[in-house]
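Source file protein-v4.txt; content: compact mmCIF, C-alpha atoms.
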```txt
# COMPACT_ATOMS: atom_id res chain seq x y z
CA MET A 1 27.80 -50.06 -53.13
CA ASN A 2 24.63 -47.98 -52.97
CA ILE A 3 23.86 -44.84 -54.95
CA ALA A 4 24.73 -42.47 -52.12
CA GLU A 5 28.12 -44.13 -51.59
CA LEU A 6 28.92 -43.97 -55.30
CA ALA A 7 27.88 -40.32 -55.38
CA ARG A 8 30.22 -39.53 -52.49
CA SER A 9 33.23 -41.65 -53.30
CA GLY A 10 33.09 -43.02 -56.84
CA SER A 11 34.92 -41.90 -59.96
CA GLY A 12 34.41 -41.73 -63.72
CA LEU A 13 31.11 -42.50 -65.41
CA SER A 14 29.78 -44.52 -62.49
CA TYR A 15 30.35 -41.58 -60.16
CA ALA A 16 28.69 -39.07 -62.49
CA ALA A 17 25.68 -41.32 -63.05
CA ALA A 18 25.34 -42.10 -59.36
CA ARG A 19 25.56 -38.43 -58.40
CA ARG A 20 22.85 -37.48 -60.90
CA ALA A 21 20.63 -40.28 -59.65
CA TYR A 22 21.19 -39.38 -56.01
CA ASP A 23 20.61 -35.67 -56.64
CA ALA A 24 17.38 -36.49 -58.47
CA TYR A 25 16.28 -38.63 -55.53
CA LEU A 26 17.11 -35.91 -52.99
CA GLY A 27 15.31 -33.30 -55.07
CA THR A 28 12.19 -35.44 -55.31
CA TRP A 29 12.36 -36.41 -51.63
CA TYR A 30 12.62 -32.82 -50.41
CA THR A 31 10.04 -31.51 -52.89
CA ILE A 32 7.55 -33.88 -51.26
CA THR A 33 8.67 -34.12 -47.64
CA SER A 34 9.35 -30.41 -47.11
CA ARG A 35 5.59 -30.11 -47.57
CA TYR A 36 4.49 -33.43 -46.09
CA PRO A 37 7.11 -34.70 -43.63
CA LEU A 38 7.32 -38.43 -43.01
CA GLY A 39 7.49 -38.97 -39.26
CA THR A 40 6.28 -37.50 -35.97
CA ASN A 41 7.20 -33.95 -35.06
CA VAL A 42 8.25 -33.69 -31.41
CA TYR A 43 5.85 -30.77 -30.99
CA ASP A 44 2.99 -33.19 -31.63
CA ARG A 45 3.70 -34.75 -28.23
CA GLU A 46 3.42 -33.33 -24.73
CA TRP A 47 6.63 -32.62 -22.79
CA ASP A 48 8.22 -29.91 -20.70
CA ALA A 49 11.85 -30.86 -21.31
CA LEU A 50 13.13 -32.74 -24.35
CA LEU A 51 16.56 -34.36 -24.23
CA VAL A 52 17.82 -35.17 -27.73
CA LEU A 53 20.61 -37.74 -27.93
CA ASP A 54 22.13 -37.32 -31.37
CA ALA A 55 22.26 -40.56 -33.41
CA CYS A 56 20.78 -42.71 -30.61
CA ARG A 57 19.43 -46.07 -31.76
CA VAL A 58 16.34 -47.69 -30.23
CA ASP A 59 18.04 -51.03 -29.60
CA ALA A 60 21.05 -49.37 -28.01
CA LEU A 61 18.95 -47.42 -25.51
CA ARG A 62 17.03 -50.57 -24.66
CA ALA A 63 20.29 -52.49 -24.21
CA VAL A 64 21.65 -50.13 -21.54
CA ALA A 65 18.29 -49.33 -19.93
CA PRO A 66 18.77 -51.74 -16.99
CA GLU A 67 21.76 -49.63 -15.90
CA TYR A 68 19.63 -46.50 -15.32
CA ASP A 69 16.71 -46.00 -12.94
CA PHE A 70 14.98 -43.54 -15.26
CA LEU A 71 14.93 -45.99 -18.18
CA ASP A 72 12.74 -49.03 -18.67
CA ALA A 73 13.40 -51.05 -21.81
CA ASP A 74 9.74 -52.09 -22.02
CA ARG A 75 8.61 -48.46 -22.04
CA ILE A 76 11.03 -47.25 -24.72
CA GLU A 77 8.88 -46.60 -27.76
CA ARG A 78 10.01 -46.78 -31.35
CA THR A 79 8.89 -43.70 -33.28
CA VAL A 80 9.57 -42.45 -36.80
CA SER A 81 11.70 -39.30 -36.90
CA VAL A 82 11.00 -36.52 -39.39
CA GLY A 83 14.67 -36.72 -40.42
CA SER A 84 17.51 -39.17 -40.91
CA HIS A 85 20.18 -36.44 -40.57
CA SER A 86 20.39 -33.54 -38.12
CA PHE A 87 20.03 -30.85 -40.79
CA GLU A 88 16.90 -32.52 -42.15
CA TRP A 89 15.48 -33.06 -38.65
CA LEU A 90 15.95 -29.40 -37.70
CA ALA A 91 14.36 -28.10 -40.91
CA LYS A 92 11.32 -30.35 -40.48
CA THR A 93 10.91 -29.83 -36.72
CA PHE A 94 11.20 -26.07 -36.25
CA THR A 95 8.79 -24.93 -38.96
CA GLY A 96 6.71 -21.85 -39.51
CA ASP A 97 3.48 -23.55 -38.45
CA ARG A 98 5.16 -24.30 -35.09
CA ARG A 99 6.27 -20.71 -34.54
CA ARG A 100 4.06 -20.22 -31.47
CA GLU A 101 5.51 -23.29 -29.74
CA VAL A 102 9.04 -22.35 -30.80
CA ALA A 103 8.58 -18.91 -29.22
CA ASP A 104 7.98 -20.65 -25.90
CA THR A 105 11.01 -22.94 -26.28
CA ALA A 106 14.60 -22.62 -25.11
CA TYR A 107 16.69 -24.68 -27.53
CA LEU A 108 20.16 -25.44 -26.17
CA THR A 109 22.16 -27.23 -28.82
CA ALA A 110 25.58 -28.76 -29.31
CA ASN A 111 24.72 -29.42 -32.96
CA THR A 112 26.43 -27.12 -35.47
CA HIS A 113 23.71 -27.54 -38.10
CA ALA A 114 21.58 -25.14 -36.06
CA GLN A 115 23.87 -22.32 -37.17
CA MET A 116 23.45 -23.23 -40.82
CA LEU A 117 19.66 -23.32 -40.67
CA PHE A 118 18.62 -20.70 -38.13
CA VAL A 119 21.38 -18.10 -38.58
CA ASP A 120 22.90 -18.57 -42.03
CA GLY A 121 19.57 -19.39 -43.67
CA ASP A 122 20.81 -22.52 -45.45
CA VAL A 123 18.35 -25.35 -46.11
CA PRO A 124 18.72 -29.05 -46.96
CA PRO A 125 20.20 -30.82 -48.75
CA TYR A 126 23.58 -30.50 -47.11
CA GLU A 127 26.14 -28.68 -49.30
CA ARG A 128 24.66 -29.55 -52.70
CA GLU A 129 22.16 -28.19 -55.18
CA VAL A 130 19.55 -30.62 -56.46
CA PRO A 131 16.61 -30.46 -58.88
CA GLY A 132 13.09 -30.09 -57.56
CA ARG A 133 11.07 -27.45 -55.76
CA PRO A 134 11.29 -27.89 -51.99
CA ALA A 135 9.08 -25.61 -49.91
CA TRP A 136 11.09 -24.98 -46.77
CA ASP A 137 9.57 -22.85 -44.04
CA ALA A 138 12.00 -23.08 -41.14
CA VAL A 139 12.01 -20.52 -38.36
CA ASP A 140 15.06 -18.38 -37.69
CA ALA A 141 17.05 -17.58 -34.57
CA ALA A 142 14.80 -14.70 -33.52
CA ASP A 143 11.74 -16.96 -33.34
CA PHE A 144 13.01 -18.97 -30.37
CA GLY A 145 12.34 -18.07 -26.78
CA ARG A 146 16.05 -18.73 -26.44
CA LEU A 147 18.50 -20.22 -28.93
CA ASP A 148 21.74 -21.20 -27.24
CA MET A 149 24.51 -22.44 -29.52
CA VAL A 150 26.38 -24.47 -26.93
CA TRP A 151 28.77 -25.76 -29.61
CA ARG A 152 30.24 -22.29 -30.14
CA ASP A 153 32.06 -22.10 -26.82
CA GLY A 154 31.54 -25.72 -25.71
CA HIS A 155 33.36 -27.49 -28.54
CA ASP A 156 36.62 -29.13 -27.45
CA ASP A 157 39.11 -29.12 -30.33
CA ASP A 158 41.18 -31.92 -28.79
CA LEU A 159 38.15 -34.16 -28.46
CA GLY A 160 36.57 -33.10 -31.73
CA ASN A 161 33.10 -32.61 -30.24
CA VAL A 162 31.13 -30.94 -27.46
CA PRO A 163 31.46 -32.94 -24.23
CA PRO A 164 28.00 -33.65 -22.83
CA ARG A 165 28.71 -31.89 -19.53
CA ARG A 166 28.75 -28.56 -21.41
CA VAL A 167 25.14 -29.16 -22.45
CA THR A 168 24.15 -30.28 -18.95
CA ASP A 169 25.62 -27.10 -17.51
CA ARG A 170 23.63 -24.92 -19.86
CA LEU A 171 20.44 -26.94 -19.35
CA VAL A 172 20.55 -26.71 -15.55
CA ASP A 173 21.52 -23.04 -15.59
CA VAL A 174 18.78 -21.98 -18.03
CA SER A 175 16.15 -24.12 -16.30
CA ARG A 176 16.88 -22.49 -12.96
CA SER A 177 17.34 -18.90 -14.11
CA GLU A 178 14.80 -18.44 -16.92
CA GLU A 179 11.11 -19.10 -17.54
CA HIS A 180 10.26 -21.05 -20.68
CA ASP A 181 7.29 -23.32 -21.31
CA ARG A 182 9.60 -25.86 -22.91
CA VAL A 183 13.31 -26.55 -23.01
CA ILE A 184 15.22 -28.74 -25.46
CA ALA A 185 18.77 -29.90 -24.76
CA HIS A 186 20.44 -31.37 -27.83
CA PHE A 187 23.46 -33.48 -26.84
CA MET A 188 25.91 -34.64 -29.51
CA GLN A 189 26.37 -38.11 -28.03
CA PRO A 190 26.27 -40.99 -28.89
CA HIS A 191 27.22 -39.52 -32.31
CA ALA A 192 30.88 -40.03 -33.19
CA PRO A 193 33.58 -39.22 -32.25
CA TYR A 194 33.28 -41.58 -29.29
CA LEU A 195 34.58 -39.72 -26.26
CA ALA A 196 33.91 -42.00 -23.28
CA GLY A 197 37.37 -43.59 -23.13
CA ALA A 198 39.20 -40.33 -23.80
CA LEU A 199 37.35 -38.47 -21.06
CA ALA A 200 37.72 -41.31 -18.56
CA GLU A 201 41.46 -41.56 -19.19
CA ASP A 202 42.13 -37.83 -19.75
CA ARG A 203 43.56 -38.27 -23.24
CA ASP A 204 42.77 -37.50 -26.85
CA PRO A 205 40.53 -39.93 -28.76
CA THR A 206 42.28 -42.64 -30.74
CA PRO A 207 41.90 -42.70 -34.55
CA LEU A 208 39.30 -45.45 -34.13
CA GLU A 209 37.33 -43.39 -31.60
CA ARG A 210 37.45 -40.33 -33.87
CA SER A 211 36.20 -42.12 -37.00
CA PRO A 212 34.73 -45.46 -35.92
CA LEU A 213 32.29 -45.91 -38.77
CA ASP A 214 34.92 -45.16 -41.40
CA ALA A 215 37.20 -47.72 -39.76
CA PHE A 216 34.40 -50.29 -39.77
CA ALA A 217 33.56 -49.58 -43.41
CA ARG A 218 37.23 -50.07 -44.39
CA GLY A 219 37.43 -53.32 -42.47
CA ASP A 220 39.90 -51.89 -39.93
CA ALA A 221 37.50 -52.58 -37.01
CA ASP A 222 34.86 -55.23 -36.46
CA ARG A 223 31.25 -54.46 -35.61
CA GLU A 224 31.49 -55.72 -32.03
CA THR A 225 34.31 -53.31 -31.27
CA VAL A 226 32.48 -50.35 -32.80
CA TRP A 227 29.21 -51.34 -31.10
CA GLU A 228 30.81 -51.45 -27.66
CA LEU A 229 32.42 -48.04 -28.23
CA TYR A 230 29.05 -46.69 -29.33
CA LEU A 231 27.35 -48.05 -26.21
CA ASP A 232 30.04 -46.50 -24.00
CA ASN A 233 29.43 -43.16 -25.70
CA LEU A 234 25.72 -43.60 -25.06
CA ARG A 235 26.42 -44.31 -21.38
CA LEU A 236 28.52 -41.14 -21.28
CA VAL A 237 25.55 -38.99 -22.23
CA LEU A 238 23.06 -40.97 -20.14
CA ASP A 239 25.17 -40.25 -17.07
CA GLU A 240 24.61 -36.57 -17.88
CA VAL A 241 20.89 -37.16 -18.33
CA ALA A 242 20.82 -38.72 -14.86
CA LEU A 243 22.56 -35.64 -13.45
CA ALA A 244 20.17 -33.29 -15.24
CA LEU A 245 17.09 -35.12 -13.99
CA GLU A 246 17.96 -34.32 -10.39
CA ASN A 247 18.81 -30.69 -11.11
CA LEU A 248 15.83 -29.33 -13.03
CA ASP A 249 12.08 -29.27 -12.48
CA ALA A 250 9.97 -30.76 -15.25
CA GLU A 251 6.78 -32.78 -14.97
CA THR A 252 7.37 -34.55 -18.27
CA VAL A 253 10.88 -35.15 -19.61
CA ALA A 254 11.11 -36.94 -22.94
CA ILE A 255 14.30 -38.63 -24.11
CA THR A 256 14.62 -39.15 -27.85
CA ALA A 257 16.96 -38.71 -30.85
CA ASP A 258 17.01 -36.76 -34.07
CA HIS A 259 17.98 -39.90 -36.02
CA GLY A 260 19.61 -43.28 -35.48
CA GLU A 261 22.83 -44.80 -36.82
CA ALA A 262 23.49 -47.71 -39.16
CA ILE A 263 26.36 -49.93 -38.04
CA GLY A 264 26.51 -52.58 -40.73
CA GLU A 265 22.81 -53.37 -41.09
CA TRP A 266 21.93 -54.08 -44.71
CA GLY A 267 25.61 -53.50 -45.48
CA ASP A 268 25.35 -49.81 -44.61
CA VAL A 269 26.97 -47.49 -42.08
CA ASP A 270 26.39 -43.96 -40.77
CA HIS A 271 23.33 -41.78 -41.46
CA ARG A 272 22.42 -39.35 -44.21
CA GLU A 273 19.57 -37.27 -45.51
CA ALA A 274 16.46 -38.90 -46.99
CA PHE A 275 17.60 -42.29 -45.69
CA LEU A 276 14.76 -44.72 -45.01
CA HIS A 277 16.94 -47.31 -43.30
CA PRO A 278 14.87 -48.46 -40.28
CA VAL A 279 17.66 -48.15 -37.70
CA VAL A 280 18.28 -44.58 -38.86
CA LYS A 281 14.75 -43.34 -39.48
CA THR A 282 13.30 -44.78 -36.27
CA VAL A 283 14.30 -43.32 -32.90
CA PRO A 284 13.55 -43.99 -29.24
CA TRP A 285 11.02 -42.14 -27.14
CA ILE A 286 10.63 -42.53 -23.38
CA GLU A 287 9.17 -40.19 -20.79
CA THR A 288 10.15 -39.59 -17.18
CA SER A 289 10.10 -36.64 -14.78
CA ALA A 290 12.67 -34.41 -13.11
CA THR A 291 12.95 -32.71 -9.72
CA ASP A 292 15.60 -30.16 -8.85
CA GLU A 293 17.30 -31.56 -5.76
CA GLY A 294 20.16 -29.09 -6.02
CA THR A 295 22.86 -31.76 -6.20
CA TYR A 296 24.88 -29.93 -8.87
CA GLU A 297 25.96 -26.36 -9.49
CA PRO A 298 26.62 -25.81 -13.19
CA GLU A 299 29.66 -24.08 -14.60
CA THR A 300 28.49 -21.15 -16.68
CA THR A 301 30.36 -19.10 -19.28
CA GLY A 302 27.94 -16.23 -19.69
CA ALA A 303 28.02 -16.79 -23.45
CA PRO A 304 25.36 -14.94 -25.46
CA ALA A 305 22.34 -17.03 -26.40
CA ASP A 306 22.72 -16.81 -30.17
CA ASP A 307 25.79 -14.76 -31.03
CA GLY A 308 29.11 -16.40 -30.28
CA GLY A 309 31.23 -14.43 -32.72
CA ASP A 310 33.33 -15.87 -35.52
CA VAL A 311 33.52 -19.66 -35.39
CA ASP A 312 34.82 -22.08 -38.02
CA VAL A 313 31.60 -23.99 -38.73
CA GLU A 314 33.24 -26.14 -41.40
CA LYS A 315 35.89 -27.34 -38.96
CA ARG A 316 33.25 -28.24 -36.39
CA LEU A 317 31.39 -30.29 -39.01
CA ARG A 318 34.64 -31.89 -40.16
CA ASP A 319 35.28 -33.07 -36.61
CA LEU A 320 31.90 -34.81 -36.74
CA GLY A 321 32.67 -36.49 -40.07
CA TYR A 322 30.43 -34.35 -42.29
CA VAL A 323 33.05 -32.55 -44.39
```

Rewrite the structure of this file - the entire thing - as structure tokens.
Amino acid sequence: MNIAELARSGSGLSYAAARRAYDAYLGTWYTITSRYPLGTNVYDREWDALLVLDACRVDALRAVAPEYDFLDADRIERTVSVGSHSFEWLAKTFTGDRRREVADTAYLTANTHAQMLFVDGDVPPYEREVPGRPAWDAVDAADFGRLDMVWRDGHDDDLGNVPPRRVTDRLVDVSRSEEHDRVIAHFMQPHAPYLAGALAEDRDPTPLERSPLDAFARGDADRETVWELYLDNLRLVLDEVALALENLDAETVAITADHGEAIGEWGDVDHREAFLHPVVKTVPWIETSATDEGTYEPETTGAPADDGGDVDVEKRLRDLGYV
């Protein structure tokens, strides 16, 4: 058991020692990397539309690439993300020195951590105080050209996540109706819970689909089963990417992830902050283009860009396995 696992689930002296060690590590990590991030900021690359697939692994995207015309396994790059957890990625991507680019960006997100950082003013680490002196300089909601919290009205309580079509709808609608230099659509798939089977069969997710990595860690599911469910969840969101690419105009569309996902490599599962595991810290990057052929008319809710009223953020995060 590693230090992070002991800190989260241990007991007695081993738990206390592990928590102190892990907190000291996080404090040191963020003291350094809040100033000097390790990885490539997406704003250092050229793109008009950025499609973020939460927790997408490089090898997984390459594995399903032959099924999609807009993907080519040989062109899928491996790049180092600035974060290994969504909260960390957000805080290190949308920074004060990027304020000019952020002002020209519409960020449409199904990820609840955006609320914590840009509206509530919280900063990493997630729900804990650690020693050290991080120097966070994240932007806030008002700095974006548009900040659209899709998760606020797009979250499906029965599914425990935001179905990818909700993000596609917002992406197509905003791209057609507003002028922004850049647009980012942050989908929550292939991150668990795995929704592909539930949506295809019009049912609620099974316990395994809701918490696949926990089941694998307990020995209640084998890796092959979890891997196939993960790939199906990736296909679910890639089908939405295919739809989006023929319903928006963008010369350069980049497809990437905020972080990857460990599924048993080195005896580890999941993803967490300050995690240098290569399948978590490295993410895919591939570029294509999009032309609006008008094949889809999005469903719109008319929800405000950054003020969705009272929402239970903790419950949303619990559905995703964070609380």

Compile a residue-level contact table for region 67-113 of chain A against region 146-157 of chain A at a cut-off of 7 Å, reporting for every qualifying residue the shortest atom pair and its distance in Å to one decimal, with all atoms listed in the file counted, rows ordered by chain and ascending number, as CSV.
```
residue,atom,partner,partner_atom,distance
A:Thr105,CA,A:Arg146,CA,6.6
A:Ala106,CA,A:Arg146,CA,4.4
A:Tyr107,CA,A:Leu147,CA,5.0
A:Leu108,CA,A:Asp148,CA,4.6
A:Thr109,CA,A:Met149,CA,5.4
A:Ala110,CA,A:Trp151,CA,4.4
A:Asn111,CA,A:Trp151,CA,6.4
A:Thr112,CA,A:Trp151,CA,6.5
```

12 Å contact set for Glu251 (chain A), all atoms listed in the file, chain neighbours under 3 positions out, as a ChimeraX atom specification:
/A:46-50,181-182,245,248,254,287-292

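For the pair CA of Thr40 (chain A) and CA of Met188 (chain A), the interatomic distance is 20.9 Å.
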
Nearest-residue call for Lys281 (chain A), choices A:Pro193, A:Pro134, A:Gly260, A:Pro164, using all atoms listed in the file:
A:Gly260

Show me as an MDAnalysis selection string the residues that reach within 12 Å of (28.7, -43.3, -21.8), counting all atoms listed in the file and using the file's own coordinates.
chainID A and resid 53 56 60:61 64 67:68 163:165 188:191 194:200 228:242

Could those selected residues go to a file with C-alpha atoms, as a PDB file, keeping the file's coordinate frame?
```
ATOM      1  CA  LEU A  53      20.610 -37.740 -27.930  1.00  0.00           C
ATOM      2  CA  CYS A  56      20.780 -42.710 -30.610  1.00  0.00           C
ATOM      3  CA  ALA A  60      21.050 -49.370 -28.010  1.00  0.00           C
ATOM      4  CA  LEU A  61      18.950 -47.420 -25.510  1.00  0.00           C
ATOM      5  CA  VAL A  64      21.650 -50.130 -21.540  1.00  0.00           C
ATOM      6  CA  GLU A  67      21.760 -49.630 -15.900  1.00  0.00           C
ATOM      7  CA  TYR A  68      19.630 -46.500 -15.320  1.00  0.00           C
ATOM      8  CA  PRO A 163      31.460 -32.940 -24.230  1.00  0.00           C
ATOM      9  CA  PRO A 164      28.000 -33.650 -22.830  1.00  0.00           C
ATOM     10  CA  ARG A 165      28.710 -31.890 -19.530  1.00  0.00           C
ATOM     11  CA  MET A 188      25.910 -34.640 -29.510  1.00  0.00           C
ATOM     12  CA  GLN A 189      26.370 -38.110 -28.030  1.00  0.00           C
ATOM     13  CA  PRO A 190      26.270 -40.990 -28.890  1.00  0.00           C
ATOM     14  CA  HIS A 191      27.220 -39.520 -32.310  1.00  0.00           C
ATOM     15  CA  TYR A 194      33.280 -41.580 -29.290  1.00  0.00           C
ATOM     16  CA  LEU A 195      34.580 -39.720 -26.260  1.00  0.00           C
ATOM     17  CA  ALA A 196      33.910 -42.000 -23.280  1.00  0.00           C
ATOM     18  CA  GLY A 197      37.370 -43.590 -23.130  1.00  0.00           C
ATOM     19  CA  ALA A 198      39.200 -40.330 -23.800  1.00  0.00           C
ATOM     20  CA  LEU A 199      37.350 -38.470 -21.060  1.00  0.00           C
ATOM     21  CA  ALA A 200      37.720 -41.310 -18.560  1.00  0.00           C
ATOM     22  CA  GLU A 228      30.810 -51.450 -27.660  1.00  0.00           C
ATOM     23  CA  LEU A 229      32.420 -48.040 -28.230  1.00  0.00           C
ATOM     24  CA  TYR A 230      29.050 -46.690 -29.330  1.00  0.00           C
ATOM     25  CA  LEU A 231      27.350 -48.050 -26.210  1.00  0.00           C
ATOM     26  CA  ASP A 232      30.040 -46.500 -24.000  1.00  0.00           C
ATOM     27  CA  ASN A 233      29.430 -43.160 -25.700  1.00  0.00           C
ATOM     28  CA  LEU A 234      25.720 -43.600 -25.060  1.00  0.00           C
ATOM     29  CA  ARG A 235      26.420 -44.310 -21.380  1.00  0.00           C
ATOM     30  CA  LEU A 236      28.520 -41.140 -21.280  1.00  0.00           C
ATOM     31  CA  VAL A 237      25.550 -38.990 -22.230  1.00  0.00           C
ATOM     32  CA  LEU A 238      23.060 -40.970 -20.140  1.00  0.00           C
ATOM     33  CA  ASP A 239      25.170 -40.250 -17.070  1.00  0.00           C
ATOM     34  CA  GLU A 240      24.610 -36.570 -17.880  1.00  0.00           C
ATOM     35  CA  VAL A 241      20.890 -37.160 -18.330  1.00  0.00           C
ATOM     36  CA  ALA A 242      20.820 -38.720 -14.860  1.00  0.00           C
TER      37      ALA A 242
END
```

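The residue that comes closest to Arg218 (chain A), out of A:Asp268, A:Glu246, A:Asp258, A:Glu201 and on the basis of all atoms listed in the file, is A:Asp268.
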
Show me, as a ChimeraX atom specification, the residues that have an atom within 12 Å of Gly264 (chain A) when counting all atoms listed in the file, minus same-chain residues fewer than 2 positions from it.
/A:212-219,221-224,226-227,261-262,266-271,277,279-280

Between A:Asp173, A:Leu159, A:Glu179, A:Ser211, which one has atoms that come closest to Tyr296 (chain A), using only C-alpha atoms?
A:Asp173

Give me the residues within 9 Å of Ala274 (chain A) as a list in words, counting all atoms listed in the file and dropping any in the same chain fewer than 3 places off.
Tyr25, Leu26, Trp29, Tyr30, Gly83, Ser84, His85, Glu88 and Lys281 of chain A

Neighbourhood query: residues within 8 Å of (14.6, -49.5, -28.4), file coordinates, counting only C-alpha atoms; return as a CSV table (one decimal) with C-alpha atoms, keeping the file's coordinate frame.
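Dumped to result26.csv:
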```
chain,number,residue,atom,x,y,z
A,57,ARG,CA,19.4,-46.1,-31.8
A,58,VAL,CA,16.3,-47.7,-30.2
A,59,ASP,CA,18.0,-51.0,-29.6
A,60,ALA,CA,21.0,-49.4,-28.0
A,61,LEU,CA,19.0,-47.4,-25.5
A,62,ARG,CA,17.0,-50.6,-24.7
A,63,ALA,CA,20.3,-52.5,-24.2
A,73,ALA,CA,13.4,-51.0,-21.8
A,76,ILE,CA,11.0,-47.2,-24.7
A,77,GLU,CA,8.9,-46.6,-27.8
A,78,ARG,CA,10.0,-46.8,-31.4
A,283,VAL,CA,14.3,-43.3,-32.9
A,284,PRO,CA,13.6,-44.0,-29.2
```

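Of the residues listed (A:His186, A:Arg19, A:Lys92, A:Arg210), A:Lys92 shows the shortest atom-to-atom separation from Val123 (chain A); distances use all atoms listed in the file.
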
Please compute the CA of His259 (chain A)-CA of Val82 (chain A) distance, one decimal, in Å.
8.5 Å

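Rounded to one decimal, CA of Arg128 (chain A) and CA of Gly39 (chain A) lie 23.8 Å from each other.
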
Near-Glu299 (chain A) list (10 Å; only C-alpha atoms; drop same-chain fewer than 5 positions) as a PyMOL selection string
chain A and resi 165-166+168-170+172-173

Kindly provide, as JSON, the centre and edge lengths (Å, one decimal) of an axis-aligned box around all atoms of region 130-133 of chain A given in the file, with 3 Å on each side.
```
{"center_x": 15.3, "center_y": -29.0, "center_z": -57.3, "size_x": 14.5, "size_y": 9.2, "size_z": 9.1}
```

Which of A:Asp44, A:Glu273, A:Asp137, A:Asp122 sits closest to Phe94 (chain A) [using all atoms listed in the file]
A:Asp137

Repaired coordinates for region 88-106 of chain A (N, CA and C atoms) as a compact mmCIF listing (two decimals), keeping the file's coordinate frame:
```txt
# COMPACT_ATOMS: atom_id res chain seq x y z
N GLU A 88 18.26 -32.22 -41.71
CA GLU A 88 16.90 -32.52 -42.15
C GLU A 88 15.93 -32.46 -40.96
N TRP A 89 16.34 -33.05 -39.83
CA TRP A 89 15.48 -33.06 -38.65
C TRP A 89 15.17 -31.64 -38.18
N LEU A 90 16.17 -30.78 -38.13
CA LEU A 90 15.95 -29.40 -37.70
C LEU A 90 14.98 -28.68 -38.63
N ALA A 91 15.18 -28.82 -39.94
CA ALA A 91 14.36 -28.10 -40.91
C ALA A 91 12.91 -28.56 -40.90
N LYS A 92 12.68 -29.82 -40.49
CA LYS A 92 11.32 -30.35 -40.48
C LYS A 92 10.67 -30.30 -39.10
N THR A 93 11.44 -29.92 -38.08
CA THR A 93 10.91 -29.83 -36.72
C THR A 93 10.51 -28.40 -36.38
N PHE A 94 11.42 -27.46 -36.63
CA PHE A 94 11.20 -26.07 -36.25
C PHE A 94 10.68 -25.29 -37.45
N THR A 95 9.40 -25.48 -37.74
CA THR A 95 8.79 -24.93 -38.96
C THR A 95 7.86 -23.77 -38.64
N GLY A 96 7.51 -23.04 -39.69
CA GLY A 96 6.71 -21.85 -39.51
C GLY A 96 5.38 -22.10 -38.82
N ASP A 97 4.76 -23.26 -39.09
CA ASP A 97 3.48 -23.55 -38.45
C ASP A 97 3.64 -23.91 -36.98
N ARG A 98 4.90 -24.04 -36.52
CA ARG A 98 5.16 -24.30 -35.09
C ARG A 98 5.72 -23.05 -34.40
N ARG A 99 5.61 -21.92 -35.05
CA ARG A 99 6.27 -20.71 -34.54
C ARG A 99 5.80 -20.34 -33.12
N ARG A 100 4.54 -20.56 -32.81
CA ARG A 100 4.06 -20.22 -31.47
C ARG A 100 4.73 -21.10 -30.42
N GLU A 101 4.85 -22.40 -30.68
CA GLU A 101 5.51 -23.29 -29.74
C GLU A 101 7.00 -22.99 -29.64
N VAL A 102 7.61 -22.67 -30.79
CA VAL A 102 9.04 -22.35 -30.80
C VAL A 102 9.32 -21.10 -29.95
N ALA A 103 8.41 -20.15 -29.99
CA ALA A 103 8.58 -18.91 -29.22
C ALA A 103 8.59 -19.17 -27.73
N ASP A 104 8.01 -20.29 -27.32
CA ASP A 104 7.98 -20.65 -25.90
C ASP A 104 9.05 -21.68 -25.54
N THR A 105 10.00 -21.89 -26.46
CA THR A 105 11.01 -22.94 -26.28
C THR A 105 12.40 -22.35 -26.14
N ALA A 106 13.15 -22.87 -25.18
CA ALA A 106 14.60 -22.62 -25.11
C ALA A 106 15.28 -23.83 -25.74
```
